[in-house]
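Student: Before we start, here is the structure in question, set down as structure tokens.
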Amino acid sequence: MNRRGFLTLSAAAAALPVVAEAKPGLGRHTFSDRQFETLSAVAELVNPPDHPLPGASEVGVAHKLDELAARFPEGMAKELKAAIALVQVRRLVHKDREGREALWTTLSQGSATDRQVHKSLTSLCTATYWASPEVWEHVGYPGPPL
Amino acid sequence: MNAGIHSASGLVEDLTLDCDVCIVGSGAGGGTLAEGLVQAGLDVVMLEAGPHKPRAERSTKEQLAYPDLYQDRGARSTQDGAITVLQGRSTGGGTIINWTTCFRTPDRILDVWSSRHGVELGDLTPHFDAVEERLGIAEWPIHNPNNDVLKRGCEALGWQWGRLKRNVRGCANSGYCGLGCPFGVKQDQLVTSLQAAVDGGMRLLADCHADRLILDKGQVIAVEASAMRTGFNRPSGVRVVVRAKKTVLAGGAINSPALLLRSGIDVDGHVGRRTMLHPVVALPAIYPERIDGWRGAPQSIGSHHFIERDGVGFFLETPPLQPMLAGSGLFAWGGYQAQFMTRLPHVASLLALCVDGLETDGGVVSLKRDGRPRLDYPIGPELVEAFRAAHFAMAEIHQAAGVEQIATLHKDPLLMTVDDALERLDERAYGAFETSIFTAHQMGGCSFGAVVDTEHRVHGFDNLFVVDGSVLPTGLGVNPSETIYALAHRARSIVSA
């Protein structure tokens with residue numbers, strides 16, 4: 001992405017301070033209720049429940065990311081919240097499954113900022129999902145030796 | 001504070017230390033240098049931003065190891081998010097999590113440094129000899145099925161391949177080098193040079209992030225640092241100041257240039273420029289037999305068949321395939337991930353590492369508003385062409401090795417049969433945000449010639465040195481750890497003089 005593209009993301013995040021700076025929801029470390037709801041929806045898109053493997057919610061991907069992000073450098077956690085905010089304003093959680101999939105595809109082909117949001121959230125959800133011991137037996141991985 | 005390894009997270013009040021040499025960073029450069037400085041009788045204080053995680057306190061579960069041992073808790077990337085950056089962050093730095101492959105710096109690259117960058121380092125042979133002896137660097141004879149795919153494919157095609165050297169002693173072949181060796185047999189800095197330096201009197205402060213250098217009359221008089229909260233990449237509020245006669249930056253590429261920039265040192269705008277990544281693309285494939293790619297030395301076979309091709313050259317190696325690392329390569333989302341990953345025991349993967357800094361200028365490190373490093377790395381047409389060519393080369397290897405299906409890492413992946421792969425690869429593009437791109441080799445940003453002289457001294461300073469991978473003027477075309485060990489070994493006599 002070029003510099004201008006990223007500045008667009010920063011500007012968008014700055015324009016959404018209420019979303020980006022919202023306090024963590026009850027029992028959470030990083031994300032507000034609405035941020036958590038959006039992140040959960042993204043995680044379910046990346047690893048949906050209707051396949052032989054457990055879905056992202058069953059594995060607790062959003063909960064694990066909520067905990068992980070609390071240990072990020074503060075600025076990095078803010079960038080993650082800003083990325084979620086940019087999905088929030090596209091009203092992801094208000095769409096049905098088809099609409100959500102269409103939006104996620106659109107983001108992956110959109111502006112530099114859209115692609116950054118898509119890539120960063122897809123990557124974080126993917127890594128968190130496949131790092132979860134709950135899915136190891138489904139892929140034939142015996143776990144580490146020690 | 002006594003000699004030993006301490007965590008700054010335990011400090012309850014500000015701390016000031018005095019010493020001969022302060023080294024910022026505890027990886028391949030800092031560790032190797034520190035051992036020599038302590039042997040020379042110098043009082044050394046070392047700062048490490050990451051935690052101290054000796055073997056007994058580590059886990060090789062990916063969900064714990066990546067946050068504990070990698071920069072940004074395993075989530076570092078270029079500014080635009082297009083390249084995933086795997087870089088170590090704990091005592092021992094990148095040596096704790098690298099995959100152990102060691103090469104001497106190729107003569108071809110040293111010639112480029114001399115002819116294009118005016119960098120003459122003299123005979124490095126004694127330094128390579130010394131670090132190979134110290135770290136048990138030797139050819140590794142046992143190949144797991146994933147590496148055997150690379151060997152088999154190259155042999156069938158008549159392409160160059162070779163056995164790789166690794167820094168291990170009595171390796172159990174577990175396959176977990178990237179998550180911190182579970183058996184303590186990888187000869188990382190924590191079990192070698194750092195231990196020796198601490199035994200000789202060095203004070204190492206982990207969880208201590210160097211914020212800036214304090215300057216007076218054009219020289220560095222101290223390093224100002226923040227103690228970090230245990231298990232968090234966030235400061236505790238306690239300050240640490242190390243007053244040293246000499247200061248050495250050894251935080252690695254990306255981090256060392258960022259520290260210079262935070263200190264107002266940009267050396268005519270050269271600091272942070274020419275940051276190289278050996279950008280990596282991968283091509284996994286599904287084999288009829290079990291591969292179990294999480295097991296066995298991650299890298300024991302390599303091919304430099306394409307290193308001197310027209311355009312950006314690349315070399316071929318293999319990754320370990322624990323589920324998180326394997327899954328992270330998938331750019332696709334939805335049902336495809338499950339479809340692919342349920343075949344994981346049968347997946348072999350090849351890596352193509354592209355040599356930047358010869359035909360390209362690499363990326364640029366600057367600072368974000370809060371002082372964290374920002375890495376902008378353009379994926380230009382030269383690299384896109386190399387990524388495409390590398391996919392064709394890797395597909396040919398898979399075909400020759402007897403694959404069933406080949407699966408690209410595009411956001412809209414190609415799942416190809418052994419017969420149609422070479423016809424279908426051009427159905428997709430190979431630039432940023434089209435396919436997954438990684439880096440595990442960060443180099444440059446404080447290059448010899450541009451930022452430091454050939455004695456590692458930052459231009460304009462008598463007592464400030466950089467001894468890590470950031471001094472490399474170009475990508476190496478080989479895994480960089482042994483080059484950094486050797487340069488740090490060479491720097492011992494310079495810094496201690």
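Identifiers for the structure tokens are assigned positionally: chains receive A, B, ... in sequence, residues are indexed from 1 per chain, and ligands are indexed from 1 in the order shown.
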Hey, could you make a per-residue contact list for chain A against chain B with 6 Å as the cut-off, showing the nearest pair of atoms and its distance in Å to one decimal, counting only C-alpha atoms, sorted by chain and number, as JSON lines?

Tutor:
{"residue": "A:Met1", "atom": "CA", "partner": "B:Asp80", "partner_atom": "CA", "distance": 4.9}
{"residue": "A:Leu45", "atom": "CA", "partner": "B:Gly334", "partner_atom": "CA", "distance": 5.8}
{"residue": "A:Val46", "atom": "CA", "partner": "B:Trp333", "partner_atom": "CA", "distance": 4.5}
{"residue": "A:Asn47", "atom": "CA", "partner": "B:Gly334", "partner_atom": "CA", "distance": 5.3}
{"residue": "A:Pro48", "atom": "CA", "partner": "B:Gly334", "partner_atom": "CA", "distance": 5.9}
{"residue": "A:Arg71", "atom": "CA", "partner": "B:Phe232", "partner_atom": "CA", "distance": 4.5}
{"residue": "A:Phe72", "atom": "CA", "partner": "B:Asn233", "partner_atom": "CA", "distance": 5.5}
{"residue": "A:Pro73", "atom": "CA", "partner": "B:Asn233", "partner_atom": "CA", "distance": 5.0}
{"residue": "A:Gln116", "atom": "CA", "partner": "B:Gly81", "partner_atom": "CA", "distance": 5.7}
{"residue": "A:Thr126", "atom": "CA", "partner": "B:Ser328", "partner_atom": "CA", "distance": 6.0}
{"residue": "A:Ala127", "atom": "CA", "partner": "B:Ser328", "partner_atom": "CA", "distance": 5.1}
{"residue": "A:Trp130", "atom": "CA", "partner": "B:Met324", "partner_atom": "CA", "distance": 4.6}
{"residue": "A:Ala131", "atom": "CA", "partner": "B:Met324", "partner_atom": "CA", "distance": 4.7}
{"residue": "A:Val139", "atom": "CA", "partner": "B:Thr342", "partner_atom": "CA", "distance": 4.5}

Student: Could you save those same residues with C-alpha atoms as a compact mmCIF listing (two decimals), in the first residue's frame?

Tutor:
# COMPACT_ATOMS: atom_id res chain seq x y z
CA MET A 1 0.00 0.00 0.00
CA LEU A 45 -16.50 -15.53 8.06
CA VAL A 46 -12.88 -16.67 8.04
CA ASN A 47 -13.60 -19.99 9.78
CA PRO A 48 -17.33 -20.69 9.46
CA ARG A 71 -0.73 -7.28 25.40
CA PHE A 72 0.01 -5.51 22.12
CA PRO A 73 1.81 -2.17 22.20
CA GLN A 116 -5.23 -3.55 4.61
CA THR A 126 -6.66 -17.25 10.78
CA ALA A 127 -3.56 -17.43 12.97
CA TRP A 130 -5.14 -22.54 13.75
CA ALA A 131 -3.10 -21.94 16.92
CA VAL A 139 -6.14 -31.79 11.14

Student: Just the residues within 6 Å of range 210-227 of chain B, please, counting only C-alpha atoms, with nothing from its chain fewer than 3 positions along; format it as an mmCIF file with C-alpha atoms, in the first residue's frame.

Tutor:
data_model
loop_
_atom_site.group_PDB
_atom_site.id
_atom_site.type_symbol
_atom_site.label_atom_id
_atom_site.label_comp_id
_atom_site.auth_asym_id
_atom_site.auth_seq_id
_atom_site.Cartn_x
_atom_site.Cartn_y
_atom_site.Cartn_z
ATOM 1 C CA ALA B 8 13.184 -4.900 34.399
ATOM 2 C CA SER B 9 9.511 -5.632 34.954
ATOM 3 C CA ASP B 207 11.852 -6.491 29.520
ATOM 4 C CA PRO B 235 5.874 0.109 29.689
ATOM 5 C CA SER B 236 5.491 -0.138 33.453
ATOM 6 C CA VAL B 238 9.790 2.759 35.573
ATOM 7 C CA ARG B 239 12.738 4.332 33.754
ATOM 8 C CA VAL B 240 16.187 2.833 33.276
ATOM 9 C CA VAL B 241 19.242 4.868 32.302
ATOM 10 C CA VAL B 242 22.507 3.201 31.325
ATOM 11 C CA ARG B 243 25.544 5.500 31.265
ATOM 12 C CA ALA B 244 28.209 3.902 29.111
ATOM 13 C CA LEU B 259 16.236 3.719 17.859
ATOM 14 C CA ARG B 262 14.026 8.270 17.906
ATOM 15 C CA SER B 263 17.337 9.748 19.042
ATOM 16 C CA PHE B 461 30.232 9.415 16.398
#

Student: Pick from A:Leu53, A:Val42, A:Ala62, A:Ala22: nearest to Trp136 in chain A, with only C-alpha atoms counted?

Tutor: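 Of A:Leu53, A:Val42, A:Ala62, A:Ala22, the one nearest Trp136 in chain A, counting only C-alpha atoms, is A:Leu53.
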
Student: Give me every helix (DSSP H, G or I) residue in range 98-138 of chain B, going by DSSP on the backbone, as a PyMOL selection string.

Tutor: chain B and resi 107-117+125-135

Student: Can you tell me, as JSON, numbers by chain, what residues are no more than 8 Å from Asp20 in chain B when counting only C-alpha atoms, ignoring any on the same chain fewer than 6 positions away?

Tutor: {"B": [42, 43, 44, 244, 245, 246]}
